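Heads up, the thing below is written out as structure tokens.
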Amino acid sequence: MKQLFEIYGWPLTTFFSACVALWLTILIVTPQFFMIELSLRFEDRGDRLTKIVNDLDVLYRDKGTKEYDLVNGPACNTTGMVNPMMTGDSSCAQFGEEDKLRLEQQVRELEDRIQSLLVEEQNLKEIKAQQFPYSVRNYTAMTGLHAWTLTKTVAFALIVTLIALAACYPVAYAVALRSGPVKTVILFTALFVPYAVNELMRIYAWLTVFDLHGLLNTLLVIAGFASFASDEVIIWYRFPGTVLVVLVYTYILFMVFPIYNTMATLDPNQVEAARDLGAKTWRIHWRVIIPHTKPGIAVGCIMTFMLAAGSFSVPYIITRGLQPKWFTQLIYDKFYESSNWNLGSAYSFTLLLICILFIFGVMAIFGVKLRQLAR
Amino acid sequence: MRGKEVVLEKVSAKFGDFTAVYPTDLVVNAGEFFSILGPSGCGKTTMLRMISGFLSPAGGSIRIGEDLMAGVRANQRPTALIFQNLALFPYMSVWENIAFGLEARGVSKVERRKRAQELIDLVALSGEEMKKPDELSGGQRQRVAVARALAVEPAVLLLDEPLSALDLKLRQHMRAELRHIQRMTGVTFIYITHDQGEALTMSDRVAVMNRGLIEQVDTSDRIYDRPSTPFVASFVGENNILRGRITAVEDGVATLESELGALRGRAVAGLAVGVDAMLFVRPEALRIGDESQSDNRVAVKPVRRDMEGAYVNWVLSAGEQSIVAHMSKAADAGIDHDRSMHVGFAADDAIVMAAGELADTGRQLADTGRQDDEAAV
Amino acid sequence: MKAVETMDRGDALLNIFIGMFVMFMFLPLILMMLAAFNSASPPSVTSWEELTLAWFPRLLAEDRLIGCLQNSFRIAVFVVPASVLLGLSAAILLTRLEGQATNLLYACLISPMLTPGIVLGIATIVFWRHFGVGADLYTTIMAQTTFIASFPMLIIMARLQRQDRAQEEAALDLGASPFFLFRRVTFPFLLPAILTSAALAFLLSFENYNTTVFSIGGSCTLTTEIAAQARRAHTPVINALGVIFVTVTVIFSLVYTLRKQWEK
């Protein structure tokens, strides 16, 4: 801190510190904390209190309608829409003293019920206020279907990571160590272009392949395995495999570049020396190249896994509603469809926890420290 | 004369548990070219950073002219520092670099331009004003750094081995130039170096520093001829070191009983009979085969004769002891190579001190090698 | 001799693999672009009807798409300067501070890069709901800035670590005030890194989907609109947009590569 003050003076130092403090508190830490807090508050959609609140809504509405009828006469059945609550309804013309008394009687009954419910609601609320508000029920209440979805999502992310690693290591090796300067530039650009193209466009591009009249089905028809005429074609979007392929395609380059970047810093003379000393190719990789490239491999695995497990775009566009929802889609629905933010937060934090576990796992396996990760 | 004196009283520096500079008193006179010479890690750069204000002393006080420097920050001190790597600003042209200090003080652009031009003329860089530092040669960059530091009219200029990146010829040229600029401006120069050639040629006075302590402050001649500690004797120039025990001290001459017999040399103050001691004698003070020399005579065998150009380097052995002698070409011509021979030296050319710390031999050899290179050019 | 032969065979296999890999990366993109020039709708490369450019002008007629595009720019206008400023501040602090606390700070500040985008979006809307702010462009700006700022931080830090600290000391020694020093020495030195990170921040903001879709509520950006359309109806207009995206990317990549080569 002393060094900072000496070089940049107290106004600038304070300004920089304030910026970092804002970033840390308002953007990074507190929102996560709020999300976790929310996820620990269980909202029971089937408990007595929720039911009372719903019932009260209905009763207030009925009472309002009847009071309106008392003043203005009952609603005329002109729209064809009959309020199912208004039993024993009479037509507009026949609104006599008898009906009025009956309505007044009904209003009183409704008021009594409202009063008793209000008392009960008040009691329940007081009990709830005294109760400890936090529980892990949002986490433990995950249904079997959702748990299965989560498992499937994580398993797919792992498979994507493994496929990406297996495919990218040789690619990075070829670009970084086995090519002349010109070829390296060409290959680098060839890989950089798809990497830089918008993620959504790359996902969208696959529709041309998987469509009903897309590339795959056309090839099948040409080969005589299918026919457009008799609709004997395959609806590819139904197969989870399509999501897997597109996940690999979309996130594989996040594996290539970290590996390439670290591999490119390896002195080629080390490889030459190892070869000169009689090491076989696999041994050179195992003893020289891989140890040097570890941080890059770790970063690649972490990024690929995180992106694949947390991908909303790929299942959203590729499944087209023809497959069961992906875990990220479930989370989206909790926020934007069924509006259960508490449960959604719990699911979201579960996903985050899995990613954190994966990061620590990778760091342990490769023996890499955090500082080495982002270079 | 614009220079001011720099006075250090009991100044010390610590990094954690490590003492980089022990409490030191030092007076650098106004307008003096003063060098601090020592091996790397001796604390000389620490000393410089304390004077410039980048480092606070652990104790003691620093005074420049009349003003105490405690609490005065680097950008408010009347000092200017020339960094080892020069630290020129790569995005600014030569004149902008030189005028930087003026710009920082809010001097108008016209005035800046004018003052910068004067300095550009002083350091002979006319015509290079608009170039960027990386378009200049090493010597030119050096001059930009000097001009940039002088532009703020410092009372004290601090130089942290600025010549170390230059090649040998340029280094020698820049020595003369720095000396010239110092005389012209009258600014106090404090020059840090591990290169004794630089320190001895340029300075009015030299401080030799070792392990956080200044061992001797004196003129170049006296540092070379009258070293006051074994470290100074072995670090500055080449010396033969003969070990023994003092048997007598009279009239400033000490007698040392060594494996090679009794040897006599000037005694430094405070030398007592019976202590372990070292006798230092320069290779050029030795005479080979000169029978007339009566003070000290040692029987030796020739090991090697190296032709060094200006002189001849003789490596001799006396028992286990190796002795190096430098002979002028004329003196060398009269030596009979094959016979065993004698070397002699005057007691006045040798110096006897109580045994103490010597300069690191690796360091010493490296410096000797460099000195030889320079001598050869 | 035998060793050389097997090495050559290994290289040949490697080359074939690279070729297939690059083809795998480009094939879907090329198919998508081709379909944009086919009059058939839904877009197809296999049932070719007529070569046409008609889908491109249709883009301009997509009012909703253009409105969403404007939103993308509105968001980027705030996200880019905010991210660069936060990244710059953090980079300076992290480079100049020492000790264990710095490592913790560093871990915290790069954590958004390693967090799934949807989690960032969710945390942001949950946080702002507490203050009565609903999910909209504003929350998206916040959510995007959270992780985009990490990239400028890393880029600027890399440059700061190559800085010659003697230059800052030299400036101080010559009497510069800290502010003058920052403006005249540190900032010019960092400028290339700042510009690079601003460009990157813009790209990241403009192209972001996963964080945006979770934090934007009922509003839209170009990406959320593309996704919505891609899921609903498969129309060649999107393919035309894809052609534009890919072309711009290729041009920028080539210019970037050539400039880098030329600088060497």
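For the structure tokens, the naming scheme is as follows: chains receive sequential letters (A, B, ...) according to their order of presentation, residues are indexed from 1 within each chain, and ligands are indexed from 1 in presentation order.
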Item to check | Residue list for chain A near chain B as a PyMOL selection string, 12 Å, only C-alpha atoms | outcome: chain A and resi 2-3+5-7+9
Next on the checklist: Let's see if you can do this: from backbone DSSP, list all helix (DSSP H, G or I) residues in segment 37-251 of chain A, as number ranges by chain.
Outcome noted: A: 37-39, 48-72, 97-130, 137-140, 144-177, 181-196, 199-205, 207-210, 215-223, 236-238, 240-251
Next on the checklist: When you look at segment 236-247 of chain C with a cut-off of 10 Å (counting only C-alpha atoms), what residues show up, excluding the ones that are within fewer than 4 positions of it in the same chain? I need them as a VMD selection string.
Outcome noted: (chain A and resid 193 to 194 196 to 198 200 to 202 204 to 205 208) or (chain C and resid 29 to 44 53 to 60 62 226 to 227 229 to 230 251 to 253)
Output the selection as a short mmCIF file (atom, residue, chain, number, x, y, z; two decimals), in the first residue's frame - C-alpha atoms for each residue.
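Writing done, so here's result-v5.cif:
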data_model
loop_
_atom_site.label_atom_id
_atom_site.label_comp_id
_atom_site.auth_asym_id
_atom_site.auth_seq_id
_atom_site.Cartn_x
_atom_site.Cartn_y
_atom_site.Cartn_z
CA VAL A 193 -12.02 -17.24 -36.95
CA PRO A 194 -14.55 -19.82 -35.70
CA ALA A 196 -14.32 -15.31 -32.69
CA VAL A 197 -17.60 -15.88 -34.52
CA ASN A 198 -20.61 -15.27 -32.30
CA LEU A 200 -25.13 -18.17 -31.23
CA MET A 201 -24.25 -18.12 -34.92
CA ARG A 202 -22.11 -21.20 -34.49
CA TYR A 204 -27.48 -21.77 -35.28
CA ALA A 205 -25.30 -23.04 -38.13
CA THR A 208 -28.64 -26.54 -41.47
CA LEU C 29 -20.52 -22.09 -40.83
CA ILE C 30 -20.10 -22.49 -44.58
CA LEU C 31 -23.40 -24.37 -44.89
CA MET C 32 -25.15 -21.68 -42.91
CA MET C 33 -23.69 -18.97 -45.13
CA LEU C 34 -24.60 -20.81 -48.32
CA ALA C 35 -28.20 -21.16 -47.20
CA ALA C 36 -28.41 -17.39 -46.88
CA PHE C 37 -28.11 -17.12 -50.66
CA ASN C 38 -30.83 -19.69 -51.35
CA SER C 39 -34.35 -18.43 -51.84
CA ALA C 40 -35.72 -21.52 -50.07
CA SER C 41 -37.25 -20.97 -46.66
CA PRO C 42 -36.66 -22.55 -44.17
CA PRO C 43 -32.99 -22.16 -45.11
CA SER C 44 -31.41 -25.14 -46.80
CA LEU C 53 -29.60 -11.74 -52.12
CA ALA C 54 -33.15 -11.00 -51.04
CA TRP C 55 -32.65 -12.08 -47.43
CA PHE C 56 -30.15 -9.32 -46.72
CA PRO C 57 -32.43 -6.30 -47.26
CA ARG C 58 -35.08 -8.15 -45.25
CA LEU C 59 -32.82 -7.66 -42.22
CA LEU C 60 -33.48 -3.93 -42.30
CA GLU C 62 -36.91 -6.52 -38.95
CA ILE C 226 -31.30 -14.26 -32.54
CA ALA C 227 -31.70 -17.12 -30.09
CA GLN C 229 -35.90 -16.46 -33.51
CA ALA C 230 -33.63 -19.44 -34.06
CA ILE C 251 -11.89 -9.39 -41.88
CA PHE C 252 -10.93 -8.45 -38.33
CA SER C 253 -8.97 -11.66 -37.80
#
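Atom CA of Ala12 of chain C is found 12.1 Å from atom CA of Ser179 of chain A.
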Checklist entry - Can you list, as a list in words, every protein, DNA or RNA residue that comes within 12 Å of Leu118 of chain A when you count only C-alpha atoms, leaving out same-chain residues fewer than 2 positions away? => result Leu49, Ile52, Val53, Asn54, Asp55, Leu56, Asp57, Leu59, Tyr60, Glu111, Asp112, Arg113, Ile114, Gln115, Ser116, Glu120, Glu121, Gln122, Asn123, Leu124 and Lys125 of chain A
Limited to C-alpha atoms, could you put the picked residues into a file as a compact mmCIF listing (two decimals), in the first residue's frame?
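For reference, out_6.txt as written:
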# COMPACT_ATOMS: atom_id res chain seq x y z
CA LEU A 49 -50.65 -19.97 4.67
CA ILE A 52 -55.32 -18.96 3.03
CA VAL A 53 -53.81 -16.13 0.99
CA ASN A 54 -55.30 -17.63 -2.17
CA ASP A 55 -58.69 -18.23 -0.53
CA LEU A 56 -58.78 -14.69 0.81
CA ASP A 57 -58.21 -13.38 -2.71
CA LEU A 59 -63.46 -14.31 -1.02
CA TYR A 60 -62.64 -10.63 -1.36
CA GLU A 111 -67.42 -11.34 5.82
CA ASP A 112 -67.45 -13.88 8.64
CA ARG A 113 -65.31 -16.28 6.68
CA ILE A 114 -62.90 -13.50 5.71
CA GLN A 115 -62.59 -12.47 9.34
CA SER A 116 -61.82 -15.99 10.53
CA GLU A 120 -55.74 -17.54 11.08
CA GLU A 121 -53.42 -15.83 8.59
CA GLN A 122 -52.23 -13.44 11.28
CA ASN A 123 -51.46 -16.35 13.60
CA LEU A 124 -49.65 -18.29 10.92
CA LYS A 125 -47.63 -15.25 9.96
Give me, as a Markdown table, the closest atom pair and its distance (Å, one decimal) for every residue of chain C within a cut-off of 6 Å of chain B, counting only C-alpha atoms, rows sorted by chain and rising number.
| residue | atom | partner | partner_atom | distance |
| --- | --- | --- | --- | --- |
| C:Ala166 | CA | B:Ala87 | CA | 5.6 |
| C:Gln167 | CA | B:Ala87 | CA | 4.7 |
| C:Leu172 | CA | B:Asn75 | CA | 4.9 |
| C:Asp173 | CA | B:Asn75 | CA | 4.8 |
| C:Leu174 | CA | B:Gly101 | CA | 4.8 |
| C:Gly175 | CA | B:Asn75 | CA | 4.0 |
| C:Ala176 | CA | B:Ala104 | CA | 4.8 |
Would you mind listing, for every residue of chain A within 7 Å of chain C, the two atoms forming the shortest contact and the distance between them in Å to one decimal, using only C-alpha atoms, sorted by chain and ascending residue number, as a Markdown table?
| residue | atom | partner | partner_atom | distance |
| --- | --- | --- | --- | --- |
| A:Met1 | CA | C:Leu97 | CA | 6.1 |
| A:Gln3 | CA | C:Arg96 | CA | 6.8 |
| A:Leu4 | CA | C:Arg96 | CA | 6.2 |
| A:Ile7 | CA | C:Pro178 | CA | 5.9 |
| A:Tyr8 | CA | C:Pro178 | CA | 4.6 |
| A:Gly9 | CA | C:Pro178 | CA | 5.0 |
| A:Phe16 | CA | C:Ser89 | CA | 4.6 |
| A:Ser17 | CA | C:Ser89 | CA | 7.0 |
| A:Cys19 | CA | C:Leu86 | CA | 5.7 |
| A:Val20 | CA | C:Ala90 | CA | 5.7 |
| A:Trp23 | CA | C:Leu86 | CA | 6.8 |
| A:Leu27 | CA | C:Thr146 | CA | 5.4 |
| A:Ile28 | CA | C:Thr146 | CA | 6.3 |
| A:Pro31 | CA | C:Ala123 | CA | 4.8 |
| A:Gln32 | CA | C:Ala123 | CA | 5.3 |
| A:Phe34 | CA | C:Phe127 | CA | 5.8 |
| A:Met35 | CA | C:Ala123 | CA | 5.2 |
| A:Val171 | CA | C:Ile18 | CA | 6.0 |
| A:Thr189 | CA | C:Ser253 | CA | 6.8 |
| A:Ala190 | CA | C:Val22 | CA | 6.9 |
| A:Leu191 | CA | C:Val22 | CA | 7.0 |
| A:Val193 | CA | C:Val250 | CA | 5.9 |
| A:Pro194 | CA | C:Met25 | CA | 6.5 |
| A:Ala196 | CA | C:Thr249 | CA | 6.4 |
| A:Val197 | CA | C:Val246 | CA | 5.9 |
| A:Asn198 | CA | C:Glu207 | CA | 5.8 |
| A:Leu200 | CA | C:Ala227 | CA | 6.8 |
| A:Met201 | CA | C:Gly242 | CA | 5.9 |
| A:Arg202 | CA | C:Leu29 | CA | 6.6 |
| A:Tyr204 | CA | C:Ala230 | CA | 6.7 |
| A:Ala205 | CA | C:Met32 | CA | 5.0 |
| A:Trp206 | CA | C:Pro28 | CA | 5.7 |
| A:Thr208 | CA | C:Met32 | CA | 6.2 |
| A:Gly214 | CA | C:Ser44 | CA | 6.4 |
| A:Leu215 | CA | C:Thr46 | CA | 6.4 |
| A:Thr218 | CA | C:Thr46 | CA | 6.8 |
| A:Met303 | CA | C:Leu114 | CA | 6.8 |
| A:Met306 | CA | C:Pro116 | CA | 5.8 |
| A:Leu307 | CA | C:Pro116 | CA | 6.3 |
| A:Gly310 | CA | C:Pro116 | CA | 5.1 |
| A:Ser311 | CA | C:Asn210 | CA | 6.8 |
| A:Phe312 | CA | C:Asn210 | CA | 6.0 |
| A:Ser313 | CA | C:Asn210 | CA | 6.5 |
| A:Ile317 | CA | C:Arg231 | CA | 5.0 |
| A:Arg320 | CA | C:Arg231 | CA | 5.7 |
| A:Tyr332 | CA | C:Phe214 | CA | 7.0 |
| A:Ser348 | CA | C:Val119 | CA | 5.7 |
| A:Leu352 | CA | C:Thr115 | CA | 6.6 |
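The closest residue to Val175 of chain A, picked from A:Cys301, A:Val271, A:Leu187, A:Val362 and counting only C-alpha atoms, is A:Leu187.
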I'd like the neighbourhood of Phe366 of chain A as a tab-separated table (two decimals) with N, CA and C atoms, in the first residue's frame, where a residue qualifies if any of its atoms comes within 8 Å (using only C-alpha atoms), though same-chain residues fewer than 3 positions away should be ignored.
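Output contents, as saved in selection_0.tsv:
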chain	number	residue	atom	x	y	z
A	294	LYS	N	0.78	-28.23	-18.56
A	294	LYS	CA	-0.25	-28.47	-17.53
A	294	LYS	C	-1.15	-27.28	-17.22
A	295	PRO	N	-0.58	-26.09	-16.96
A	295	PRO	CA	-1.49	-24.97	-16.64
A	295	PRO	C	-2.49	-24.71	-17.77
A	298	ALA	N	-5.15	-27.34	-17.74
A	298	ALA	CA	-6.07	-27.11	-16.62
A	298	ALA	C	-7.07	-26.01	-16.96
A	362	VAL	N	-9.52	-30.25	-10.79
A	362	VAL	CA	-8.55	-30.11	-11.87
A	362	VAL	C	-7.22	-29.58	-11.33
A	363	MET	N	-7.31	-28.60	-10.43
A	363	MET	CA	-6.08	-28.03	-9.88
A	363	MET	C	-5.31	-29.09	-9.10
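Each of A:Leu244, A:Ile359, A:Val71, A:Lys63 was compared to Arg108 of chain A using only C-alpha atoms, and A:Lys63 turns out to be the nearest.
Among the candidates B:Ala325, B:Ala262, B:Leu256, B:Ile335, the one nearest to Met353 of chain B when counting only C-alpha atoms is B:Leu256.
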Identify, on the basis of only C-alpha atoms, every residue whose closest approach to segment 180-196 of chain B does not exceed 9 Å; exclude the query and any residue fewer than 5 positions from it along the same chain; express the result as a tab-separated table (two decimals) with C-alpha atoms, in the first residue's frame.
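Below is the file that was written, result_18.tsv:
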chain	number	residue	atom	x	y	z
B	1	MET	CA	28.93	26.83	-8.00
B	2	ARG	CA	25.46	25.30	-7.70
B	3	GLY	CA	26.31	22.09	-5.89
B	4	LYS	CA	25.47	21.49	-2.27
B	5	GLU	CA	27.12	19.35	0.33
B	6	VAL	CA	25.55	16.10	1.44
B	28	VAL	CA	30.31	14.82	0.46
B	29	ASN	CA	31.57	18.33	-0.26
B	30	ALA	CA	29.64	20.75	-2.40
B	31	GLY	CA	30.66	20.54	-6.06
B	32	GLU	CA	32.63	17.36	-5.56
B	33	PHE	CA	32.74	14.31	-7.84
B	34	PHE	CA	32.35	11.60	-5.23
B	35	SER	CA	32.21	7.88	-5.92
B	36	ILE	CA	31.02	5.01	-3.80
B	37	LEU	CA	32.86	1.88	-4.89
B	38	GLY	CA	32.03	-1.62	-3.78
B	39	PRO	CA	31.04	-5.10	-4.88
B	40	SER	CA	27.39	-5.81	-5.67
B	44	LYS	CA	25.88	1.30	-2.16
B	45	THR	CA	22.62	1.40	-4.13
B	48	LEU	CA	21.91	6.20	-3.06
B	122	LEU	CA	25.64	21.15	-23.42
B	123	VAL	CA	25.53	17.39	-23.99
B	150	LEU	CA	20.33	18.41	-15.07
B	153	GLU	CA	18.81	22.12	-11.77
B	154	PRO	CA	19.59	19.69	-8.98
B	155	ALA	CA	22.14	20.52	-6.33
B	156	VAL	CA	23.17	16.88	-6.22
B	157	LEU	CA	23.26	14.43	-9.10
B	158	LEU	CA	23.11	10.77	-8.14
B	159	LEU	CA	24.38	8.25	-10.68
B	160	ASP	CA	23.67	4.53	-10.28
B	161	GLU	CA	26.23	2.76	-12.47
B	162	PRO	CA	24.90	4.49	-15.58
B	163	LEU	CA	27.80	3.36	-17.75
B	164	SER	CA	27.54	-0.35	-17.06
B	175	ARG	CA	33.85	8.96	-18.19
B	201	THR	CA	39.58	7.97	-12.95
B	203	SER	CA	36.40	11.03	-8.77
B	235	PHE	CA	39.47	-4.98	-3.81
B	236	VAL	CA	41.16	-1.99	-5.44
B	237	GLY	CA	43.78	-3.04	-7.95
B	367	ASP	CA	37.52	-7.01	-11.74
B	370	ARG	CA	38.21	-6.25	-16.66
B	371	GLN	CA	41.08	-4.03	-15.70
